[in-house]
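*Asks:* This is work31.txt (compact mmCIF, C-alpha atoms and all ligand atoms).
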```
# COMPACT_ATOMS: atom_id res chain seq x y z
CA MET D 25 0.00 0.00 0.00
CA ALA D 26 1.29 3.46 -0.84
CA ARG D 27 2.46 5.41 2.20
CA ARG D 28 0.05 8.09 3.23
CA LYS D 29 1.08 11.69 3.22
CA LYS D 30 1.44 13.08 6.71
CA ILE D 31 -0.08 16.56 6.93
CA TYR D 32 0.55 17.47 10.55
CA GLU D 33 1.77 15.87 13.74
CA GLY D 34 0.31 17.27 16.92
CA LYS D 35 0.83 16.28 20.55
CA ALA D 36 -1.96 13.69 20.69
CA LYS D 37 -2.90 13.14 17.04
CA THR D 38 -1.35 12.82 13.61
CA LEU D 39 -3.22 13.96 10.50
CA TYR D 40 -2.84 12.21 7.14
CA GLU D 41 -4.24 13.05 3.73
CA GLY D 42 -7.60 11.27 3.34
CA PRO D 43 -8.73 9.05 0.45
CA GLU D 44 -10.93 11.76 -1.14
CA PRO D 45 -10.11 15.43 -1.65
CA GLY D 46 -11.36 17.43 1.32
CA THR D 47 -10.91 14.55 3.76
CA ILE D 48 -8.32 13.89 6.43
CA VAL D 49 -7.46 10.82 8.49
CA GLN D 50 -7.06 11.62 12.19
CA TYR D 51 -4.82 9.10 13.98
CA PHE D 52 -5.09 9.11 17.79
CA LYS D 53 -1.73 8.53 19.46
CA ASP D 54 -1.11 7.19 22.96
CA ASP D 55 1.04 10.21 23.79
CA ALA D 56 -0.09 12.35 26.71
CA THR D 57 1.31 15.79 27.36
CA ALA D 58 0.53 18.50 29.88
CA PHE D 59 1.72 22.00 30.71
CA ASN D 60 2.56 22.71 27.07
CA ALA D 61 4.39 19.39 26.71
CA GLU D 62 6.68 19.94 29.73
CA LYS D 63 5.23 16.69 31.09
CA LYS D 64 5.05 13.76 28.66
CA ASP D 65 4.28 10.06 28.72
CA VAL D 66 2.90 7.29 26.57
CA ILE D 67 -0.32 5.88 28.01
CA GLU D 68 -1.09 2.59 26.32
CA GLY D 69 -4.67 2.51 25.01
CA LYS D 70 -5.41 6.24 25.39
CA GLY D 71 -5.58 6.78 21.62
CA VAL D 72 -8.12 3.98 21.16
CA LEU D 73 -10.34 5.30 23.95
CA ASN D 74 -10.21 8.91 22.68
CA ASN D 75 -10.96 7.79 19.12
CA LEU D 76 -14.07 5.90 20.27
CA LEU D 77 -15.21 8.58 22.70
CA SER D 78 -14.71 11.42 20.24
CA GLU D 79 -16.68 9.47 17.61
CA TYR D 80 -19.49 8.96 20.13
CA PHE D 81 -19.70 12.65 21.08
CA MET D 82 -19.39 13.93 17.49
CA LEU D 83 -22.08 11.50 16.23
CA GLY D 84 -24.40 12.56 19.05
CA LEU D 85 -23.85 16.22 18.25
CA GLY D 86 -24.61 15.51 14.58
CA GLN D 87 -27.87 13.86 15.64
CA ILE D 88 -29.04 17.04 17.39
CA GLY D 89 -28.03 19.18 14.43
CA VAL D 90 -24.69 20.53 15.66
CA PRO D 91 -22.36 20.39 12.64
CA THR D 92 -19.02 18.62 13.17
CA HIS D 93 -16.08 17.63 10.99
CA PHE D 94 -16.63 13.91 11.74
CA LEU D 95 -17.34 11.59 8.79
CA LYS D 96 -16.69 8.05 10.04
CA ARG D 97 -14.45 5.94 12.19
CA LEU D 98 -12.02 3.86 10.13
CA ASN D 99 -10.54 1.58 12.80
CA MET D 100 -9.64 1.57 16.48
CA ARG D 101 -7.20 4.46 16.13
CA GLU D 102 -8.33 6.42 13.10
CA GLN D 103 -11.28 8.43 11.95
CA LEU D 104 -12.08 10.16 8.69
CA VAL D 105 -12.95 13.83 9.07
CA ARG D 106 -13.68 16.74 6.75
CA SER D 107 -10.68 18.85 6.16
CA CYS D 108 -11.20 22.33 7.57
CA GLU D 109 -9.35 25.48 8.39
CA ILE D 110 -8.99 25.62 12.15
CA VAL D 111 -9.98 28.93 13.76
CA PRO D 112 -6.89 29.72 15.89
CA LEU D 113 -8.84 29.71 19.16
CA GLU D 114 -9.38 27.25 21.97
CA VAL D 115 -12.99 27.71 23.00
CA ILE D 116 -13.43 26.79 26.66
CA VAL D 117 -16.78 26.44 28.42
CA ARG D 118 -16.86 26.23 32.22
CA ASN D 119 -19.75 25.15 34.42
CA TYR D 120 -17.75 24.82 37.65
CA ALA D 121 -14.53 26.59 38.59
CA ALA D 122 -11.38 24.49 38.12
CA GLY D 123 -7.89 24.58 36.66
CA SER D 124 -6.61 27.88 35.33
CA MET D 125 -9.80 29.75 36.25
CA SER D 126 -9.55 28.74 39.90
CA LYS D 127 -5.91 29.75 39.92
CA ARG D 128 -6.43 33.07 38.15
CA LEU D 129 -9.46 34.21 40.14
CA GLY D 130 -8.90 32.42 43.45
CA ILE D 131 -12.17 30.46 43.30
CA ASP D 132 -12.21 27.00 44.92
CA GLU D 133 -12.22 24.14 42.41
CA GLY D 134 -15.72 22.69 42.17
CA THR D 135 -17.59 25.95 42.87
CA GLN D 136 -20.64 26.03 40.61
CA LEU D 137 -20.62 29.08 38.35
CA PRO D 138 -23.77 31.22 38.17
CA ARG D 139 -23.92 30.52 34.42
CA PRO D 140 -21.69 28.79 31.89
CA ILE D 141 -18.66 30.97 31.19
CA VAL D 142 -17.06 30.90 27.75
CA GLU D 143 -13.38 31.80 27.39
CA TYR D 144 -11.13 32.06 24.35
CA CYS D 145 -7.42 31.27 24.18
CA TYR D 146 -5.25 32.11 21.19
CA LYS D 147 -3.85 28.84 19.81
CA ASP D 148 -0.10 29.30 19.89
CA ASP D 149 2.04 26.82 21.80
CA SER D 150 5.06 29.12 21.75
CA LEU D 151 2.99 31.64 23.75
CA GLY D 152 1.31 28.97 25.93
CA ASP D 153 -2.16 29.52 24.41
CA PRO D 154 -2.87 32.87 26.15
CA LEU D 155 -6.37 33.91 27.22
CA VAL D 156 -7.71 36.60 24.87
CA THR D 157 -10.88 38.69 24.66
CA GLU D 158 -13.26 39.23 21.76
CA GLU D 159 -11.53 42.59 21.28
CA HIS D 160 -8.26 40.82 20.45
CA ILE D 161 -10.06 38.34 18.21
CA ALA D 162 -11.75 41.13 16.23
CA ALA D 163 -8.71 43.42 16.13
CA PHE D 164 -6.35 40.71 14.88
CA GLY D 165 -8.92 39.25 12.49
CA TRP D 166 -8.88 35.71 13.92
CA ALA D 167 -12.67 35.50 13.52
CA SER D 168 -15.43 37.87 12.39
CA GLN D 169 -18.27 39.08 14.61
CA GLN D 170 -20.64 36.70 12.77
CA ASP D 171 -18.18 33.83 13.39
CA MET D 172 -18.02 34.74 17.09
CA ASP D 173 -21.83 34.71 17.37
CA ASP D 174 -21.89 31.27 15.73
CA ILE D 175 -18.98 29.99 17.86
CA LEU D 176 -20.70 31.09 21.08
CA SER D 177 -23.90 29.39 20.07
CA LEU D 178 -22.09 26.17 19.04
CA ALA D 179 -20.11 26.14 22.31
CA LEU D 180 -23.25 26.50 24.43
CA ARG D 181 -25.10 23.81 22.47
CA VAL D 182 -22.16 21.44 22.90
CA ASN D 183 -22.15 22.29 26.61
CA ASP D 184 -25.85 21.50 27.07
CA PHE D 185 -25.57 18.29 25.10
CA LEU D 186 -22.43 16.97 26.80
CA SER D 187 -23.59 18.06 30.28
CA GLY D 188 -26.84 16.10 29.85
CA MET D 189 -25.11 13.06 28.39
CA MET D 190 -22.64 13.00 31.28
CA LEU D 191 -25.25 13.66 33.96
CA ALA D 192 -27.13 10.60 32.73
CA VAL D 193 -24.13 8.42 33.63
CA GLY D 194 -23.33 10.10 36.95
CA ILE D 195 -20.57 12.39 35.68
CA ARG D 196 -20.30 16.15 36.10
CA LEU D 197 -19.03 18.11 33.10
CA VAL D 198 -16.88 20.68 34.89
CA ASP D 199 -15.44 22.30 31.77
CA PHE D 200 -14.21 21.47 28.28
CA LYS D 201 -12.35 22.86 25.29
CA ILE D 202 -13.42 22.64 21.65
CA GLU D 203 -11.90 23.80 18.42
CA ILE D 204 -13.85 25.18 15.51
CA GLY D 205 -13.18 24.59 11.82
CA ARG D 206 -14.28 26.43 8.71
CA VAL D 207 -15.52 24.29 5.84
CA TYR D 208 -16.32 25.71 2.45
CA ASP D 209 -19.26 24.59 0.33
CA GLY D 210 -18.46 26.56 -2.82
CA ASP D 211 -18.29 30.20 -1.74
CA PHE D 212 -20.30 29.50 1.38
CA GLN D 213 -18.46 29.10 4.69
CA ARG D 214 -19.79 27.05 7.60
CA LEU D 215 -18.37 26.56 11.06
CA VAL D 216 -18.17 23.05 12.48
CA VAL D 217 -16.93 21.47 15.71
CA ALA D 218 -13.52 20.03 14.81
CA ASP D 219 -10.46 18.37 16.40
CA GLU D 220 -11.67 16.01 19.15
CA ILE D 221 -13.91 15.84 22.17
CA SER D 222 -12.48 13.41 24.71
CA PRO D 223 -11.39 13.20 28.35
CA ASP D 224 -8.16 14.87 27.16
CA SER D 225 -10.11 18.06 26.54
CA CYS D 226 -12.78 17.94 29.27
CA ARG D 227 -12.91 17.87 33.05
CA LEU D 228 -15.16 15.04 34.15
CA TRP D 229 -15.85 14.31 37.81
CA ASP D 230 -17.84 11.45 39.26
CA ILE D 231 -20.91 13.10 40.80
CA GLU D 232 -20.97 10.88 43.91
CA SER D 233 -17.30 10.64 44.82
CA GLY D 234 -15.81 13.63 42.98
CA GLN D 235 -13.24 11.25 41.44
CA LYS D 236 -11.51 12.77 38.41
CA LEU D 237 -12.05 10.86 35.16
CA ASP D 238 -10.10 13.12 32.78
CA LYS D 239 -6.58 14.26 31.90
CA ASP D 240 -6.10 15.86 35.32
CA VAL D 241 -5.37 12.26 36.44
CA PHE D 242 -2.21 12.53 34.32
CA ARG D 243 -1.50 16.23 34.95
CA ARG D 244 -1.71 15.76 38.73
CA ASP D 245 -0.46 12.14 39.03
CA LEU D 246 -3.72 10.82 40.44
CA GLY D 247 -3.51 7.21 39.20
CA SER D 248 -4.17 5.33 35.98
CA LEU D 249 -5.36 7.46 33.08
CA THR D 250 -6.50 4.41 31.09
CA ASP D 251 -8.64 3.27 34.01
CA ALA D 252 -10.23 6.73 34.24
CA TYR D 253 -10.98 6.98 30.49
CA SER D 254 -12.16 3.34 30.39
CA GLU D 255 -14.64 4.14 33.15
CA VAL D 256 -16.09 7.01 31.08
CA ALA D 257 -16.28 4.73 28.02
CA ARG D 258 -17.84 1.92 30.05
CA ARG D 259 -20.55 4.15 31.52
CA LEU D 260 -21.42 5.54 28.08
CA GLY D 261 -21.51 2.02 26.59
CA VAL D 262 -18.66 2.65 24.14
CA MET D 263 -16.09 0.32 25.63
CA PRO D 264 -14.02 -1.39 22.90
CA ASN D 265 -14.43 -5.17 22.53
CA ASN D 266 -10.79 -5.66 23.48
CA PRO D 267 -10.23 -3.11 26.20
CA PRO D 268 -6.74 -1.65 26.38
CA ALA D 269 -4.28 -3.66 28.43
CA PRO D 270 -4.29 -2.79 32.12
CA SER D 271 -1.72 -0.17 32.93
CA LYS D 272 -0.11 -2.19 35.71
CA PRO D 273 0.96 -5.84 35.72
CA THR D 274 -1.50 -8.03 37.55
CA LEU D 275 -0.33 -10.78 39.87
CA VAL D 276 -1.48 -14.24 38.89
CA ASN D 277 -1.84 -16.78 41.69
P1 LIG D 301 -7.66 25.08 32.05
O1 LIG D 301 -8.43 25.14 33.32
O2 LIG D 301 -6.30 24.46 32.21
O3 LIG D 301 -7.63 26.39 31.33
O4 LIG D 301 -8.45 24.07 31.09
C1 LIG D 301 -9.79 24.29 30.72
C2 LIG D 301 -10.31 23.12 29.90
O5 LIG D 301 -9.63 23.05 28.66
C3 LIG D 301 -10.09 21.75 30.56
O6 LIG D 301 -11.25 20.98 30.32
C4 LIG D 301 -8.93 21.17 29.85
C5 LIG D 301 -8.99 21.78 28.50
N1 LIG D 301 -7.67 22.04 27.92
C6 LIG D 301 -7.33 21.48 26.72
O7 LIG D 301 -8.11 20.74 26.12
N2 LIG D 301 -6.10 21.75 26.19
C7 LIG D 301 -5.20 22.54 26.80
O8 LIG D 301 -4.11 22.76 26.27
C8 LIG D 301 -5.56 23.12 28.07
C9 LIG D 301 -4.61 24.00 28.81
C10 LIG D 301 -6.81 22.84 28.58
```
Now, as a test, write the supplied structure out as C-alpha cells.

*Replies:*
Amino acid sequence: MARRKKIYEGKAKTLYEGPEPGTIVQYFKDDATAFNAEKKDVIEGKGVLNNLLSEYFMLGLGQIGVPTHFLKRLNMREQLVRSCEIVPLEVIVRNYAAGSMSKRLGIDEGTQLPRPIVEYCYKDDSLGDPLVTEEHIAAFGWASQQDMDDILSLALRVNDFLSGMMLAVGIRLVDFKIEIGRVYDGDFQRLVVADEISPDSCRLWDIESGQKLDKDVFRRDLGSLTDAYSEVARRLGVMPNNPPAPSKPTLVN
C-alpha cells in the first residue's frame, strides 16, 4: 500500500491526507502531554479510547443538528474527518470553577458558576495559548463578529448536550475545550466542531465521589489514566471489545 502523506503531527494526534479530496485521516496517538508538553508520557490505550469517545460525542452532536467535521471511524485508532481550516482559538466552556480559572481568580475548584462561562485562548504553543478577549479576536482578524456569534452558540449547544449526556451516567461536566473549523461549500463558509472531544479536553468528575475521570489524572499524578478513560467509556456504553491492556501488571496466583 502506498504510504500516506502526513499533513501534521500534533501532541496527541497525527493527520494524514484522506482518500478523497477534502478529507483527512485523524490518527489518535497514545502520547499524553501536559503544561505545554513539559510533562510527557505514553499511556497505552489512550488513543483507542479517545478515538471511540470522540466518535461517540461527534455522532451525538450531529444527531441534534450541531455540525461537526466527523465523517466516520475507520478503525480503532483512526477516523475520517472533513478537512477544515482551524480557527486559531481554543474555546473553553466552564460550568464549575477548576484549573486555570480557579488559579487566576482564586475560586475553589468545584464551585458552581452562576452561568456557563465561555473563554477564548489564542492557539499558539510558543505563547502557551494565552487567554484573549473578543476585542483581540476582532482586532487581529482571527474571527469575524458573525463567526463569534456562531462559535458562542455552538459552544453552548455542545455544553448543554455533553452536560446532559454525562449527567445521565453520573458524571459532572466541569469544563471542556473545543476547536472550531471552517468548511467551504463553494463560496459558502460554515463553522463546524472540529479536532476532538475526549477526556483529554474535558474535566469530568464522578458526581458521587468527585473522582476525576479526565486528563487531570495525568496532569496531577492521580492514578491510571486508562482506568479513568475506560470508566467514562464503560458508563457511556462505548467500551471497545478488546479493552486496552491494564496499565499495571496483575499478579497471577
Ligand atoms: P484550564 O483550566 O487548564 O484552562 O483548562 C480548561 C479546559 O480546557 C479543561 O477541560 C482542559 C482543556 N484544555 C485542553 O483541552 N487543552 C489545553 O491545552 C488546556 C490548557 C486545557

*Asks:* Rounded to one decimal place, report the CA of Phe59 in chain D-CA of Tyr120 in chain D distance in Å.

*Replies:* 20.9 Å

*Asks:* Show me which residues sit within 9 Å of ligand LIG 301 (chain D) when counting only C-alpha atoms and all ligand atoms, and put them as number ranges by chain.

*Replies:* D: 57-60, 114-118, 121-127, 143, 145, 147, 149, 152-153, 155, 197-202, 221-228, 238-240

*Asks:* Report, in Å to a single decimal, how far apart CA of Asn183 in chain D and CA of Gln235 in chain D are.

*Replies:*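 According to the coordinates, CA of Gln235 in chain D and CA of Asn183 in chain D are separated by 20.5 Å.
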
*Asks:* Do you have the CA of Ile204 in chain D-CA of Ile110 in chain D distance handy?

*Replies:*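 Taking CA of Ile204 in chain D and CA of Ile110 in chain D, their separation equals 5.9 Å.
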
*Asks:* List as a list in words the protein and nucleic acid residues near range 66-83 of chain D, meaning an atom at most 7 Å away when only C-alpha atoms are counted, but skip any in the same chain fewer than 3 places from it.

*Replies:* Phe52, Lys53, Asp54, Asp55, Ala56, Gly86, Gln87, Thr92, Phe94, Arg97, Met100, Arg101, Glu102, Glu220, Ile221, Ser222, Thr250, Tyr253, Ser254, Ala257, Val262 and Pro268 of chain D

*Asks:* Select, from D:Tyr144, D:Gln103, D:Gly34, D:Lys29, the residue with the minimum atom-to-atom distance to Tyr51 in chain D, counting all atoms listed in the file.

*Replies:*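 Of D:Tyr144, D:Gln103, D:Gly34, D:Lys29, the one nearest Tyr51 in chain D, counting all atoms listed in the file, is D:Gln103.
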
*Asks:* With distances taken over only C-alpha atoms, which of D:Gly194, D:Pro140, D:Pro112, D:Pro91 is nearest to Leu178 in chain D?

*Replies:*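 Under the stated criterion, the closest residue is D:Pro91.
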
*Asks:* Set the distance at 9 Å and use only C-alpha atoms: which residues neighbour range 163-171 of chain D once local chain neighbours fewer than 3 positions away are removed? I'd like the list as JSON, numbers by chain.

*Replies:* {"D": [111, 112, 113, 146, 158, 159, 160, 174, 175, 176, 215]}

*Asks:* So which one's closest to Cys108 in chain D, D:Gly210, D:Pro45, D:Gly247, D:Gly205? Using all atoms listed in the file, please.

*Replies:*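 Counting all atoms listed in the file, the residue closest to Cys108 in chain D is D:Gly205.
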
*Asks:* I need the residue nearest Lys37 in chain D from this list: D:Gln50, D:Ala252, D:Phe212, D:Met172. Use all atoms listed in the file for the distance.

*Replies:* D:Gln50

*Asks:* Which of these residues is nearest to Ile195 in chain D, using only C-alpha atoms: D:Ala218, D:Ile141, D:Ile31, D:Val256?

*Replies:*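 Looking only at the distances to Ile195 in chain D, the closest residue turns out to be D:Val256.
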
*Asks:* I'd like to know which of D:Val207, D:Met189, D:Val182, D:Leu85 is closest to Thr47 in chain D, using only C-alpha atoms.

*Replies:*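 Distance minimum relative to Thr47 in chain D lands on D:Val207.
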